[in-house]
$ cat final02.csv   # CSV, C-alpha atoms and all ligand atoms
chain,number,residue,atom,x,y,z
A,162,MET,CA,0.0,0.0,0.0
A,163,LYS,CA,1.4,3.4,-1.0
A,164,ARG,CA,1.2,6.1,1.6
A,165,GLN,CA,-1.2,8.8,0.4
A,166,LEU,CA,0.1,12.4,1.0
A,167,ALA,CA,-1.5,15.8,1.1
A,168,ILE,CA,1.2,18.5,0.5
A,169,LEU,CA,0.1,21.9,1.8
A,170,GLY,CA,2.3,24.6,0.3
A,171,SER,CA,3.5,22.4,-2.6
A,172,THR,CA,5.0,25.3,-4.6
A,173,GLY,CA,7.3,26.5,-1.8
A,174,SER,CA,10.8,25.5,-1.0
A,175,ILE,CA,9.8,22.5,1.3
A,176,GLY,CA,6.8,21.6,-0.9
A,177,THR,CA,8.9,21.3,-4.1
A,178,GLN,CA,11.6,19.3,-2.3
A,179,ALA,CA,8.9,17.0,-0.8
A,180,LEU,CA,7.7,16.3,-4.4
A,181,GLU,CA,11.3,15.4,-5.4
A,182,VAL,CA,11.3,12.9,-2.5
A,183,VAL,CA,8.0,11.5,-3.9
A,184,SER,CA,9.4,11.3,-7.4
A,185,GLU,CA,12.4,9.3,-6.1
A,186,HIS,CA,10.2,6.8,-4.3
A,187,PRO,CA,7.2,6.2,-6.6
A,188,ASP,CA,6.7,2.8,-5.1
A,189,ARG,CA,6.1,4.2,-1.6
A,190,PHE,CA,4.1,7.4,-2.0
A,191,GLU,CA,1.2,8.9,-3.9
A,192,VAL,CA,0.0,12.5,-3.9
A,193,TYR,CA,-3.6,12.8,-3.0
A,194,ALA,CA,-3.8,16.6,-2.7
A,195,LEU,CA,-1.7,19.6,-3.5
A,196,THR,CA,-2.3,23.1,-2.2
A,197,ALA,CA,-0.7,26.4,-2.9
A,198,ASN,CA,-1.2,30.0,-2.0
A,199,ASN,CA,-0.6,31.9,-5.2
A,200,GLN,CA,1.8,30.2,-7.6
A,201,VAL,CA,-0.7,28.9,-10.0
A,202,ASP,CA,1.7,28.1,-12.9
A,203,LEU,CA,3.8,25.8,-10.8
A,204,LEU,CA,0.8,24.2,-9.2
A,205,ILE,CA,-0.6,23.4,-12.7
A,206,ASN,CA,2.7,21.7,-13.6
A,207,GLN,CA,2.8,19.8,-10.4
A,208,ALA,CA,-0.8,18.6,-10.8
A,209,ARG,CA,-0.1,17.4,-14.4
A,210,LYS,CA,3.0,15.5,-13.2
A,211,PHE,CA,1.7,13.9,-9.9
A,212,MET,CA,-2.0,13.6,-10.8
A,213,PRO,CA,-3.5,14.2,-7.4
A,214,ASP,CA,-7.2,13.7,-6.7
A,215,VAL,CA,-7.6,17.3,-5.6
A,216,VAL,CA,-5.7,20.6,-6.0
A,217,VAL,CA,-6.5,23.8,-4.0
A,218,ILE,CA,-5.4,27.3,-4.6
A,219,ALA,CA,-5.8,29.6,-1.5
A,220,ASN,CA,-6.0,32.8,-3.5
A,221,GLU,CA,-9.6,32.5,-5.0
A,222,GLN,CA,-8.8,35.0,-7.8
A,223,LYS,CA,-6.5,32.4,-9.4
A,224,TYR,CA,-9.2,29.7,-9.4
A,225,PRO,CA,-10.5,30.3,-13.0
A,226,GLU,CA,-7.0,30.0,-14.4
A,227,LEU,CA,-6.3,26.8,-12.5
A,228,LYS,CA,-9.6,25.3,-13.3
A,229,GLU,CA,-9.2,25.9,-17.1
A,230,ALA,CA,-5.7,24.6,-17.2
A,231,LEU,CA,-6.7,21.3,-15.6
A,232,GLU,CA,-10.0,20.9,-17.4
A,233,ASP,CA,-8.8,17.8,-19.5
A,234,LEU,CA,-7.8,15.9,-16.3
A,235,PRO,CA,-9.9,14.1,-13.7
A,236,ILE,CA,-8.6,16.4,-10.9
A,237,LYS,CA,-11.0,18.2,-8.6
A,238,VAL,CA,-10.1,21.9,-8.4
A,239,TRP,CA,-11.0,23.9,-5.3
A,240,ALA,CA,-10.2,27.4,-4.0
A,241,GLY,CA,-10.0,29.3,-0.7
A,242,SER,CA,-8.5,28.6,2.8
A,243,ASP,CA,-11.6,26.8,3.9
A,244,ALA,CA,-11.1,24.3,1.1
A,245,ILE,CA,-7.6,23.6,2.4
A,246,ALA,CA,-8.9,22.8,5.8
A,247,GLN,CA,-11.5,20.6,4.1
A,248,VAL,CA,-9.3,18.6,1.8
A,249,VAL,CA,-7.0,17.4,4.5
A,250,GLN,CA,-9.9,15.4,6.0
A,251,ALA,CA,-10.4,13.3,2.9
A,252,ALA,CA,-10.5,9.6,3.9
A,253,PRO,CA,-7.7,8.2,1.7
A,254,ILE,CA,-5.0,10.6,3.1
A,255,ASP,CA,-2.5,9.0,5.5
A,256,MET,CA,-0.2,12.0,6.1
A,257,VAL,CA,-0.4,15.8,5.7
A,258,LEU,CA,2.8,17.8,5.1
A,259,THR,CA,2.2,21.3,6.4
A,260,ALA,CA,4.6,23.4,4.4
A,261,MET,CA,2.7,26.6,4.0
A,262,VAL,CA,4.0,29.9,5.4
A,263,GLY,CA,3.0,31.4,8.8
A,264,TYR,CA,-0.3,31.5,10.7
A,265,ALA,CA,-2.2,30.1,7.7
A,266,GLY,CA,-1.0,26.7,8.8
A,267,LEU,CA,-3.0,26.6,12.0
A,268,LYS,CA,-6.5,25.9,10.7
A,269,PRO,CA,-5.8,23.1,8.3
A,270,THR,CA,-3.4,21.5,10.9
A,271,VAL,CA,-6.2,21.4,13.5
A,272,ALA,CA,-8.6,20.0,10.9
A,273,ALA,CA,-6.1,17.3,9.8
A,274,ILE,CA,-5.4,16.2,13.4
A,275,LYS,CA,-9.1,16.0,14.2
A,276,ALA,CA,-9.5,13.8,11.1
A,277,GLY,CA,-6.8,11.5,12.5
A,278,LYS,CA,-4.1,12.2,9.9
A,279,ALA,CA,-0.4,11.9,10.7
A,280,ILE,CA,1.3,15.3,10.5
A,281,ALA,CA,4.7,16.0,8.9
A,282,LEU,CA,5.2,19.4,10.4
A,283,ALA,CA,7.1,22.0,8.4
A,284,ASN,CA,5.0,25.0,9.4
A,285,LYS,CA,6.6,25.8,12.8
A,286,GLU,CA,4.3,28.8,13.3
A,287,THR,CA,1.5,26.4,14.1
A,288,LEU,CA,3.3,25.3,17.2
A,289,VAL,CA,4.5,28.8,18.0
A,290,VAL,CA,1.0,30.2,17.9
A,291,ALA,CA,-0.9,27.3,19.5
A,292,GLY,CA,1.5,24.7,20.7
A,293,GLU,CA,-0.5,23.8,23.8
A,294,LEU,CA,-3.7,23.3,21.8
A,295,ILE,CA,-2.1,21.4,18.9
A,296,THR,CA,-0.1,19.0,21.1
A,297,ALA,CA,-3.2,18.3,23.3
A,298,LEU,CA,-5.3,17.7,20.2
A,299,ALA,CA,-2.7,15.3,18.8
A,300,ARG,CA,-2.6,13.3,22.0
A,301,GLU,CA,-6.4,13.2,22.1
A,302,HIS,CA,-6.6,11.9,18.5
A,303,HIS,CA,-3.5,9.6,18.8
A,304,VAL,CA,-1.9,11.5,15.9
A,305,PRO,CA,1.9,11.6,15.5
A,306,ILE,CA,3.5,14.9,14.7
A,307,LEU,CA,6.7,14.2,12.8
A,308,PRO,CA,9.1,17.2,12.7
A,309,VAL,CA,10.4,18.3,9.3
A,310,ASP,CA,12.4,21.3,10.6
A,311,SER,CA,16.0,20.1,10.3
A,312,GLU,CA,16.9,20.8,13.9
A,313,HIS,CA,13.8,19.1,15.2
A,314,SER,CA,14.2,16.1,12.9
A,315,ALA,CA,17.8,15.9,14.3
A,316,ILE,CA,16.5,15.9,17.9
A,317,PHE,CA,13.8,13.3,17.0
A,318,GLN,CA,16.5,11.1,15.4
A,319,CYS,CA,18.8,11.5,18.5
A,320,LEU,CA,15.9,10.3,20.6
A,321,ASN,CA,15.6,7.0,18.7
A,322,GLY,CA,16.5,4.3,21.2
A,323,ALA,CA,16.4,6.6,24.1
A,324,TYR,CA,13.5,4.7,25.6
A,325,ASP,CA,12.0,6.7,28.6
A,326,ASN,CA,15.3,8.2,29.6
A,327,PRO,CA,14.6,11.9,30.3
A,328,ILE,CA,16.2,14.7,28.2
A,329,GLU,CA,18.4,16.8,30.4
A,330,LYS,CA,19.0,19.5,27.7
A,331,ILE,CA,18.4,20.1,24.0
A,332,LEU,CA,21.3,21.8,22.2
A,333,LEU,CA,19.5,23.6,19.4
A,334,THR,CA,22.1,24.6,16.8
A,335,ALA,CA,21.8,27.9,14.8
A,336,SER,CA,23.9,29.0,11.8
A,337,GLY,CA,23.7,32.6,13.1
A,338,GLY,CA,22.6,33.7,9.7
A,339,PRO,CA,24.2,36.3,7.4
A,340,PHE,CA,24.6,39.0,10.1
A,341,ARG,CA,26.2,36.9,12.8
A,342,GLU,CA,29.3,39.2,12.9
A,343,LYS,CA,27.6,42.5,12.3
A,344,SER,CA,27.6,45.2,15.0
A,345,LEU,CA,24.4,46.9,16.2
A,346,GLU,CA,25.4,50.0,14.2
A,347,GLU,CA,25.8,47.8,11.0
A,348,LEU,CA,22.5,46.0,11.7
A,349,ALA,CA,20.7,49.3,11.7
A,350,CYS,CA,21.4,49.7,8.0
A,351,VAL,CA,21.4,46.2,6.4
A,352,THR,CA,19.2,45.8,3.4
A,353,LYS,CA,16.7,43.1,2.5
A,354,GLU,CA,19.0,41.9,-0.3
A,355,GLN,CA,21.7,41.2,2.3
A,356,ALA,CA,19.2,39.6,4.6
A,357,LEU,CA,17.9,37.3,1.8
A,358,LYS,CA,21.4,35.8,1.3
A,359,HIS,CA,21.6,33.0,3.8
A,360,PRO,CA,25.1,31.4,4.1
A,361,ASN,CA,24.1,27.7,4.2
A,362,TRP,CA,20.4,27.2,3.4
A,363,HIS,CA,18.2,28.0,0.4
A,364,MET,CA,14.7,28.7,1.8
A,365,GLY,CA,11.7,30.8,1.2
A,366,ALA,CA,11.8,34.6,1.8
A,367,LYS,CA,9.9,34.7,5.1
A,368,ILE,CA,12.0,32.1,6.8
A,369,THR,CA,15.3,33.6,5.4
A,370,ILE,CA,14.5,36.9,7.0
A,371,ASP,CA,13.5,35.1,10.2
A,372,SER,CA,16.9,33.4,10.1
A,373,ALA,CA,18.7,36.7,9.6
A,374,SER,CA,16.9,38.2,12.6
A,375,MET,CA,17.2,35.0,14.6
A,376,MET,CA,13.4,35.0,15.1
A,377,ASN,CA,13.6,31.6,13.4
A,378,LYS,CA,15.7,30.2,16.2
A,379,GLY,CA,13.3,31.7,18.8
A,380,PHE,CA,10.4,30.0,17.0
A,381,GLU,CA,12.4,26.7,16.9
A,382,MET,CA,13.0,26.9,20.6
A,383,ILE,CA,9.2,27.2,21.2
A,384,GLU,CA,8.6,24.4,18.6
A,385,ALA,CA,11.1,22.2,20.5
A,386,LYS,CA,9.4,22.9,23.8
A,387,TRP,CA,6.1,21.5,22.5
A,388,LEU,CA,7.4,18.7,20.4
A,389,PHE,CA,9.7,17.2,23.0
A,390,GLY,CA,8.0,18.3,26.3
A,391,VAL,CA,10.9,20.3,27.8
A,392,LEU,CA,11.1,23.6,29.6
A,393,PRO,CA,12.6,26.7,27.9
A,394,GLU,CA,15.4,26.4,30.5
A,395,GLN,CA,16.3,23.0,29.1
A,396,ILE,CA,16.9,24.4,25.6
A,397,GLN,CA,20.3,25.9,24.9
A,398,ILE,CA,20.9,27.7,21.6
A,399,VAL,CA,24.3,27.0,20.2
A,400,VAL,CA,25.6,29.1,17.3
A,401,HIS,CA,27.4,26.7,14.9
A,402,PRO,CA,28.1,28.5,11.6
A,403,GLN,CA,29.0,25.4,9.6
A,404,SER,CA,25.5,23.9,10.0
A,405,VAL,CA,26.9,20.4,10.0
A,406,ILE,CA,25.5,19.4,13.4
A,407,HIS,CA,21.7,19.8,13.0
A,408,SER,CA,21.1,19.6,16.8
A,409,MET,CA,21.9,17.5,19.9
A,410,VAL,CA,20.3,16.0,22.9
A,411,GLN,CA,22.1,15.7,26.3
A,412,PHE,CA,20.9,13.0,28.7
A,413,GLU,CA,21.2,12.8,32.5
A,414,ASP,CA,24.4,10.8,32.5
A,415,GLY,CA,26.1,13.7,30.5
A,416,ALA,CA,26.0,11.8,27.2
A,417,VAL,CA,25.4,14.1,24.2
A,418,ILE,CA,23.9,12.5,21.0
A,419,ALA,CA,24.1,14.6,17.8
A,420,GLN,CA,22.8,14.2,14.3
A,421,LEU,CA,25.0,15.4,11.5
A,422,GLY,CA,24.7,15.8,7.8
A,423,ILE,CA,25.1,18.2,4.9
A,424,PRO,CA,22.5,21.1,5.0
A,425,ASP,CA,19.7,19.5,2.9
A,426,MET,CA,16.0,19.5,3.7
A,427,LYS,CA,15.3,16.4,1.7
A,428,LEU,CA,16.6,14.2,4.5
A,429,PRO,CA,14.2,15.5,7.2
A,430,ILE,CA,11.3,15.4,4.7
A,431,ALA,CA,12.1,11.8,3.7
A,432,TYR,CA,12.6,10.8,7.3
A,433,ALA,CA,9.2,12.1,8.3
A,434,PHE,CA,7.6,10.5,5.3
A,435,SER,CA,9.1,7.0,5.9
A,436,TYR,CA,9.6,7.0,9.7
A,437,PRO,CA,10.8,4.7,11.3
A,438,GLU,CA,12.4,3.4,8.1
A,439,ARG,CA,15.3,5.3,6.4
A,440,MET,CA,15.1,5.4,2.6
A,441,LYS,CA,18.1,5.3,0.3
A,442,SER,CA,19.1,8.8,-0.8
A,443,LYS,CA,21.2,10.0,-3.8
A,444,GLU,CA,22.2,13.3,-2.1
A,445,PRO,CA,25.9,14.0,-1.5
A,446,ARG,CA,27.3,12.6,1.8
A,447,LEU,CA,29.0,14.6,4.5
A,448,ASP,CA,32.7,14.6,3.9
A,449,PHE,CA,34.6,15.4,7.2
A,450,ARG,CA,37.8,16.2,5.3
A,451,GLN,CA,36.0,19.3,4.0
A,452,TYR,CA,35.3,20.5,7.6
A,453,ALA,CA,38.6,20.8,9.4
A,454,THR,CA,36.9,23.0,12.1
A,455,LEU,CA,33.5,23.0,13.6
A,456,THR,CA,33.0,26.0,15.8
A,457,PHE,CA,30.4,26.9,18.5
A,458,GLU,CA,29.5,30.2,20.1
A,459,GLU,CA,26.8,31.8,22.3
A,460,PRO,CA,24.0,33.7,20.6
A,461,ASP,CA,24.1,37.4,21.3
A,462,MET,CA,20.6,38.4,22.5
A,463,ARG,CA,21.6,42.1,22.7
A,464,ARG,CA,22.1,42.3,18.9
A,465,PHE,CA,19.4,39.7,18.2
A,466,ARG,CA,16.6,40.8,20.5
A,467,ASN,CA,14.0,38.6,18.8
A,468,LEU,CA,15.6,35.6,20.5
A,469,ALA,CA,15.1,37.2,23.9
A,470,TYR,CA,11.5,38.1,23.0
A,471,ALA,CA,10.8,34.5,22.1
A,472,PHE,CA,12.0,33.3,25.5
A,473,ASP,CA,9.9,36.1,27.2
A,474,ALA,CA,6.8,35.0,25.2
A,475,VAL,CA,7.1,31.3,25.9
A,476,ARG,CA,7.8,32.0,29.7
A,477,LYS,CA,4.7,34.2,29.8
A,478,GLY,CA,2.7,31.6,28.0
A,479,GLY,CA,-1.0,32.0,27.1
A,480,ASN,CA,-1.5,33.9,23.8
A,481,MET,CA,1.9,35.7,24.1
A,482,PRO,CA,3.7,33.5,21.5
A,483,CYS,CA,0.7,34.0,19.2
A,484,ILE,CA,1.2,37.8,19.6
A,485,LEU,CA,4.9,37.4,18.9
A,486,ASN,CA,4.2,35.5,15.7
A,487,ALA,CA,1.5,37.9,14.4
A,488,ALA,CA,3.8,40.9,15.0
A,489,ASN,CA,6.6,39.1,13.3
A,490,GLU,CA,4.6,38.3,10.2
A,491,ILE,CA,3.7,42.1,9.9
A,492,VAL,CA,7.3,43.3,10.4
A,493,VAL,CA,8.9,40.8,8.0
A,494,SER,CA,6.4,41.8,5.3
A,495,ALA,CA,7.1,45.5,6.0
A,496,PHE,CA,10.9,44.9,5.9
A,497,LEU,CA,10.6,43.1,2.6
A,498,GLN,CA,8.7,46.1,1.3
A,499,ASP,CA,11.4,48.5,2.5
A,500,LYS,CA,9.0,50.2,4.9
A,501,ILE,CA,11.1,49.6,8.0
A,502,GLY,CA,14.7,48.9,8.9
A,503,PHE,CA,16.1,45.7,10.2
A,504,LEU,CA,16.2,46.7,13.9
A,505,GLN,CA,12.8,48.3,13.7
A,506,MET,CA,11.4,44.8,13.3
A,507,SER,CA,12.4,44.1,16.9
A,508,ASP,CA,11.1,47.5,18.2
A,509,ILE,CA,7.6,46.8,16.8
A,510,ILE,CA,7.5,43.2,18.1
A,511,GLU,CA,8.4,44.4,21.6
A,512,LYS,CA,5.8,47.1,21.6
A,513,THR,CA,3.1,44.8,20.1
A,514,MET,CA,3.8,42.3,22.9
A,515,GLU,CA,3.2,45.1,25.5
A,516,VAL,CA,-0.1,46.4,24.1
A,517,THR,CA,-2.0,43.4,22.8
A,518,THR,CA,-4.6,41.9,25.2
A,519,PHE,CA,-3.0,39.1,27.2
A,520,ILE,CA,-5.1,35.9,27.6
A,521,PRO,CA,-3.6,33.3,30.0
A,522,ASN,CA,-5.7,30.3,28.8
A,523,PRO,CA,-6.7,30.9,25.2
A,524,THR,CA,-9.2,28.8,23.2
A,525,TYR,CA,-8.9,28.4,19.4
A,526,GLU,CA,-11.2,31.4,18.9
A,527,ASP,CA,-9.0,33.4,21.2
A,528,TYR,CA,-5.9,32.6,19.1
A,529,VAL,CA,-7.8,33.8,16.0
A,530,ASN,CA,-8.8,37.0,17.7
A,531,THR,CA,-5.4,37.6,19.1
A,532,ASP,CA,-3.8,37.1,15.7
A,533,THR,CA,-6.1,39.8,14.2
A,534,GLU,CA,-5.6,42.2,17.1
A,535,ALA,CA,-1.8,41.9,17.2
A,536,ARG,CA,-1.5,42.3,13.4
A,537,ARG,CA,-3.6,45.5,13.6
A,538,LEU,CA,-1.5,46.9,16.5
A,539,ALA,CA,1.8,46.0,14.8
A,540,LEU,CA,0.6,47.5,11.5
A,541,GLN,CA,-0.2,50.8,13.2
A,542,GLN,CA,3.5,51.1,14.0
A,543,VAL,CA,4.6,50.7,10.4
A,544,PRO,CA,5.1,54.1,8.8
A,601,MG,MG,15.2,24.9,11.1
$ encode --input "final02.csv" --output "structure tokens" --more "lines below"
Ligand code: MG
Amino acid sequence: MKRQLAILGSTGSIGTQALEVVSEHPDRFEVYALTANNQVDLLINQARKFMPDVVVIANEQKYPELKEALEDLPIKVWAGSDAIAQVVQAAPIDMVLTAMVGYAGLKPTVAAIKAGKAIALANKETLVVAGELITALAREHHVPILPVDSEHSAIFQCLNGAYDNPIEKILLTASGGPFREKSLEELACVTKEQALKHPNWHMGAKITIDSASMMNKGFEMIEAKWLFGVLPEQIQIVVHPQSVIHSMVQFEDGAVIAQLGIPDMKLPIAYAFSYPERMKSKEPRLDFRQYATLTFEEPDMRRFRNLAYAFDAVRKGGNMPCILNAANEIVVSAFLQDKIGFLQMSDIIEKTMEVTTFIPNPTYEDYVNTDTEARRLALQQVP
């Protein structure tokens, strides 16, 4: 029996690499559904190649174009964000890969878990916004959440064979991004073009900016807390510019287990798809002779304040991480439109966390309302 996949965000960086994994293992996987936000041309090509049962375009204005292009094929064509939350519930689907960007991942992930689908989680914002709700829901429905983020896949792999031995500490590695060595004065005037050049990873625009500002690592800390049930104090961020060690776990006897490899997202994607099996890969292997030195340093939370705000948000709990995420989505978009500078992103996030209504025990509806309120308050600060 082939595993039936729904790939949400199929035209993005993770989505396209996931489809490469599917192409390399046609005996194991079949694509049941593909969804995209805007990139209708690529979605059409993917649909013609993988022949899913359903495709969904989130942007409803692109529906006529998609519908017409696939008219000759027996593929159902839907549009809108409600349709994405609906398609994941289809009976034949075994696993849903959530690879869309940002807060948009929350609703379909909730729907997929309630429908009992295994989740391959690439959309970390889902756990940042509503980690408590999502993990409780997954337990209730006996649904596994398999991490696709490279660091979390590494931690997950390090925990193989750990039985019930408690984690003492997670060592979450970070490349440090393109601005690791820049002073505060220099950071004040970096451009989006510089921020979009990540030294080790090729990724979508939003996550590349998040990496440059280290918000990505803050989000990953929150993601790790929920995925592995540890306290923020048990997560140490280690800047490791070579990105060879993808993360580590320290146990109570002092042993540290690490997962290493070349920086390549296809491994974590494939591992989530085929877990607990490992599939043969044609990607290049790690060659230690090319890495004479591996280096490690402390992150600087004075220059990269977003990291401090992520720790503040997760310690405060409630809807605070949701506020953090909403503010971040607004400032990243404003930075990409040249409306604000690099350091202003952190200023606006800090202020939005102060002024948005705090809710200690939020429901799903509270998260939705918090997201709307925090976006509005963050947007007011964008000139
Ligand atoms: Mg990552």
$ residues_around --input "final02.csv" --residues "range 233-239 of chain A" --least-positions-apart "3" --cutoff "7 Å" --atoms "only C-alpha atoms" --output "list in words"
Pro213, Asp214, Val215, Val216, Val217, Ile218, Lys228 and Ala244 of chain A
$ residues_near_ligand --input "final02.csv" --ligand "ligand MG 601 (chain A)" --cutoff "12 Å" --atoms "only C-alpha atoms and all ligand atoms" --output "PyMOL selection string"
chain A and resi 175+282-286+308-316+333-338+361-364+368-369+371-372+375-385+404+406-408+424-426+429
$ residues_around --input "final02.csv" --residues "Met440 in chain A" --least-positions-apart "6" --cutoff "12 Å" --atoms "all atoms listed in the file" --output "PyMOL selection string"
chain A and resi 182-183+185-186+188-189+427-434
$ residues_around --input "final02.csv" --residues "Gln200 in chain A" --least-positions-apart "4" --cutoff "10 Å" --atoms "only C-alpha atoms" --output "number ranges by chain"
A: 170-173, 196, 204-205, 218-220, 223
$ write_last_selection --input "final02.csv" --atoms "C-alpha atoms" --output "CSV table (one decimal), keeping the file's coordinate frame"
chain,number,residue,atom,x,y,z
A,170,GLY,CA,2.3,24.6,0.3
A,171,SER,CA,3.5,22.4,-2.6
A,172,THR,CA,5.0,25.3,-4.6
A,173,GLY,CA,7.3,26.5,-1.8
A,196,THR,CA,-2.3,23.1,-2.2
A,204,LEU,CA,0.8,24.2,-9.2
A,205,ILE,CA,-0.6,23.4,-12.7
A,218,ILE,CA,-5.4,27.3,-4.6
A,219,ALA,CA,-5.8,29.6,-1.5
A,220,ASN,CA,-6.0,32.8,-3.5
A,223,LYS,CA,-6.5,32.4,-9.4
$ residues_around --input "final02.csv" --residues "range 482-498 of chain A" --least-positions-apart "2" --cutoff "7 Å" --atoms "all atoms listed in the file" --output "PyMOL selection string"
chain A and resi 289-291+353+367+370+474-475+478+480+500-503+506+510+513-514+528+531-532+535-536+539-540
$ residues_near_point --input "final02.csv" --point "(-4.4, 22.4, 13.9)" --cutoff "9 Å" --atoms "all atoms listed in the file" --output "count of residues only"
17
$ atom_distance --input "final02.csv" --atom1 "CA of Phe472 in chain A" --atom2 "CA of Lys386 in chain A"
10.9 Å
$ atom_distance --input "final02.csv" --atom1 "CA of Glu413 in chain A" --atom2 "CA of Glu329 in chain A"
5.3 Å
$ closest_residue --input "final02.csv" --among "A:Leu538, A:Arg464, A:Asp325, A:Tyr525" --to "Ala349 in chain A" --atoms "all atoms listed in the file"
A:Arg464
$ closest_residue --input "final02.csv" --among "A:Glu515, A:Arg300, A:Met481, A:Gln397" --to "Asp527 in chain A" --atoms "only C-alpha atoms"
A:Met481
$ atom_distance --input "final02.csv" --atom1 "CA of Ala416 in chain A" --atom2 "CA of Phe317 in chain A"
16.0 Å
$ axis_aligned_box --input "final02.csv" --around "range 369-379 of chain A" --padding-each-side "5 Å" --output "JSON"
{"center_x": 16.0, "center_y": 34.2, "center_z": 12.1, "size_x": 15.4, "size_y": 18.0, "size_z": 23.4}
$ closest_residue --input "final02.csv" --among "A:Met409, A:Val257, A:Leu320, A:Leu166" --to "Ile396 in chain A" --atoms "only C-alpha atoms"
A:Met409
$ closest_residue --input "final02.csv" --among "A:His359, A:Glu342, A:Glu226, A:Pro393" --to "Asp473 in chain A" --atoms "all atoms listed in the file"
A:Pro393
$ closest_residue --input "final02.csv" --among "A:Gln411, A:Asn206, A:Gln318, A:Thr296" --to "Pro437 in chain A" --atoms "all atoms listed in the file"
A:Gln318
$ closest_residue --input "final02.csv" --among "A:Leu447, A:Ile331, A:Met261, A:Ile423" --to "Ile398 in chain A" --atoms "all atoms listed in the file"
A:Ile331
$ residues_near_point --input "final02.csv" --point "(31.5, 23.6, 13.7)" --cutoff "6 Å" --atoms "all atoms listed in the file" --output "list in words"
His401, Gln403, Thr454, Leu455, Thr456 and Phe457 of chain A
$ decode --input "final02.csv" --residues "range 401-414 of chain A" --atoms "N, CA and C atoms" --output "PDB file, in the first residue's frame"
ATOM      1  N   HIS A 401      26.422  27.654  15.528  1.00  0.00           N
ATOM      2  CA  HIS A 401      27.359  26.713  14.895  1.00  0.00           C
ATOM      3  C   HIS A 401      27.317  27.022  13.390  1.00  0.00           C
ATOM      4  N   PRO A 402      28.201  27.962  12.968  1.00  0.00           N
ATOM      5  CA  PRO A 402      28.061  28.539  11.622  1.00  0.00           C
ATOM      6  C   PRO A 402      28.186  27.538  10.477  1.00  0.00           C
ATOM      7  N   GLN A 403      28.800  26.379  10.674  1.00  0.00           N
ATOM      8  CA  GLN A 403      28.989  25.433   9.559  1.00  0.00           C
ATOM      9  C   GLN A 403      27.718  24.634   9.263  1.00  0.00           C
ATOM     10  N   SER A 404      26.741  24.648  10.153  1.00  0.00           N
ATOM     11  CA  SER A 404      25.474  23.909   9.965  1.00  0.00           C
ATOM     12  C   SER A 404      25.684  22.439   9.596  1.00  0.00           C
ATOM     13  N   VAL A 405      26.624  21.800  10.262  1.00  0.00           N
ATOM     14  CA  VAL A 405      26.872  20.369  10.029  1.00  0.00           C
ATOM     15  C   VAL A 405      26.158  19.537  11.102  1.00  0.00           C
ATOM     16  N   ILE A 406      26.271  20.007  12.356  1.00  0.00           N
ATOM     17  CA  ILE A 406      25.494  19.373  13.438  1.00  0.00           C
ATOM     18  C   ILE A 406      24.108  20.014  13.420  1.00  0.00           C
ATOM     19  N   HIS A 407      23.074  19.207  13.223  1.00  0.00           N
ATOM     20  CA  HIS A 407      21.738  19.782  13.049  1.00  0.00           C
ATOM     21  C   HIS A 407      20.994  19.961  14.357  1.00  0.00           C
ATOM     22  N   SER A 408      21.512  19.441  15.429  1.00  0.00           N
ATOM     23  CA  SER A 408      21.077  19.638  16.822  1.00  0.00           C
ATOM     24  C   SER A 408      21.501  18.430  17.642  1.00  0.00           C
ATOM     25  N   MET A 409      21.397  18.568  18.969  1.00  0.00           N
ATOM     26  CA  MET A 409      21.893  17.513  19.874  1.00  0.00           C
ATOM     27  C   MET A 409      20.971  17.377  21.076  1.00  0.00           C
ATOM     28  N   VAL A 410      21.061  16.196  21.701  1.00  0.00           N
ATOM     29  CA  VAL A 410      20.327  15.957  22.943  1.00  0.00           C
ATOM     30  C   VAL A 410      21.328  15.500  23.999  1.00  0.00           C
ATOM     31  N   GLN A 411      21.239  16.111  25.186  1.00  0.00           N
ATOM     32  CA  GLN A 411      22.072  15.705  26.318  1.00  0.00           C
ATOM     33  C   GLN A 411      21.192  14.957  27.314  1.00  0.00           C
ATOM     34  N   PHE A 412      21.691  13.796  27.772  1.00  0.00           N
ATOM     35  CA  PHE A 412      20.937  12.991  28.739  1.00  0.00           C
ATOM     36  C   PHE A 412      21.489  13.195  30.151  1.00  0.00           C
ATOM     37  N   GLU A 413      20.819  12.569  31.135  1.00  0.00           N
ATOM     38  CA  GLU A 413      21.156  12.844  32.537  1.00  0.00           C
ATOM     39  C   GLU A 413      22.489  12.251  32.972  1.00  0.00           C
ATOM     40  N   ASP A 414      23.055  11.351  32.165  1.00  0.00           N
ATOM     41  CA  ASP A 414      24.397  10.836  32.488  1.00  0.00           C
ATOM     42  C   ASP A 414      25.485  11.691  31.837  1.00  0.00           C
TER      43      ASP A 414
END
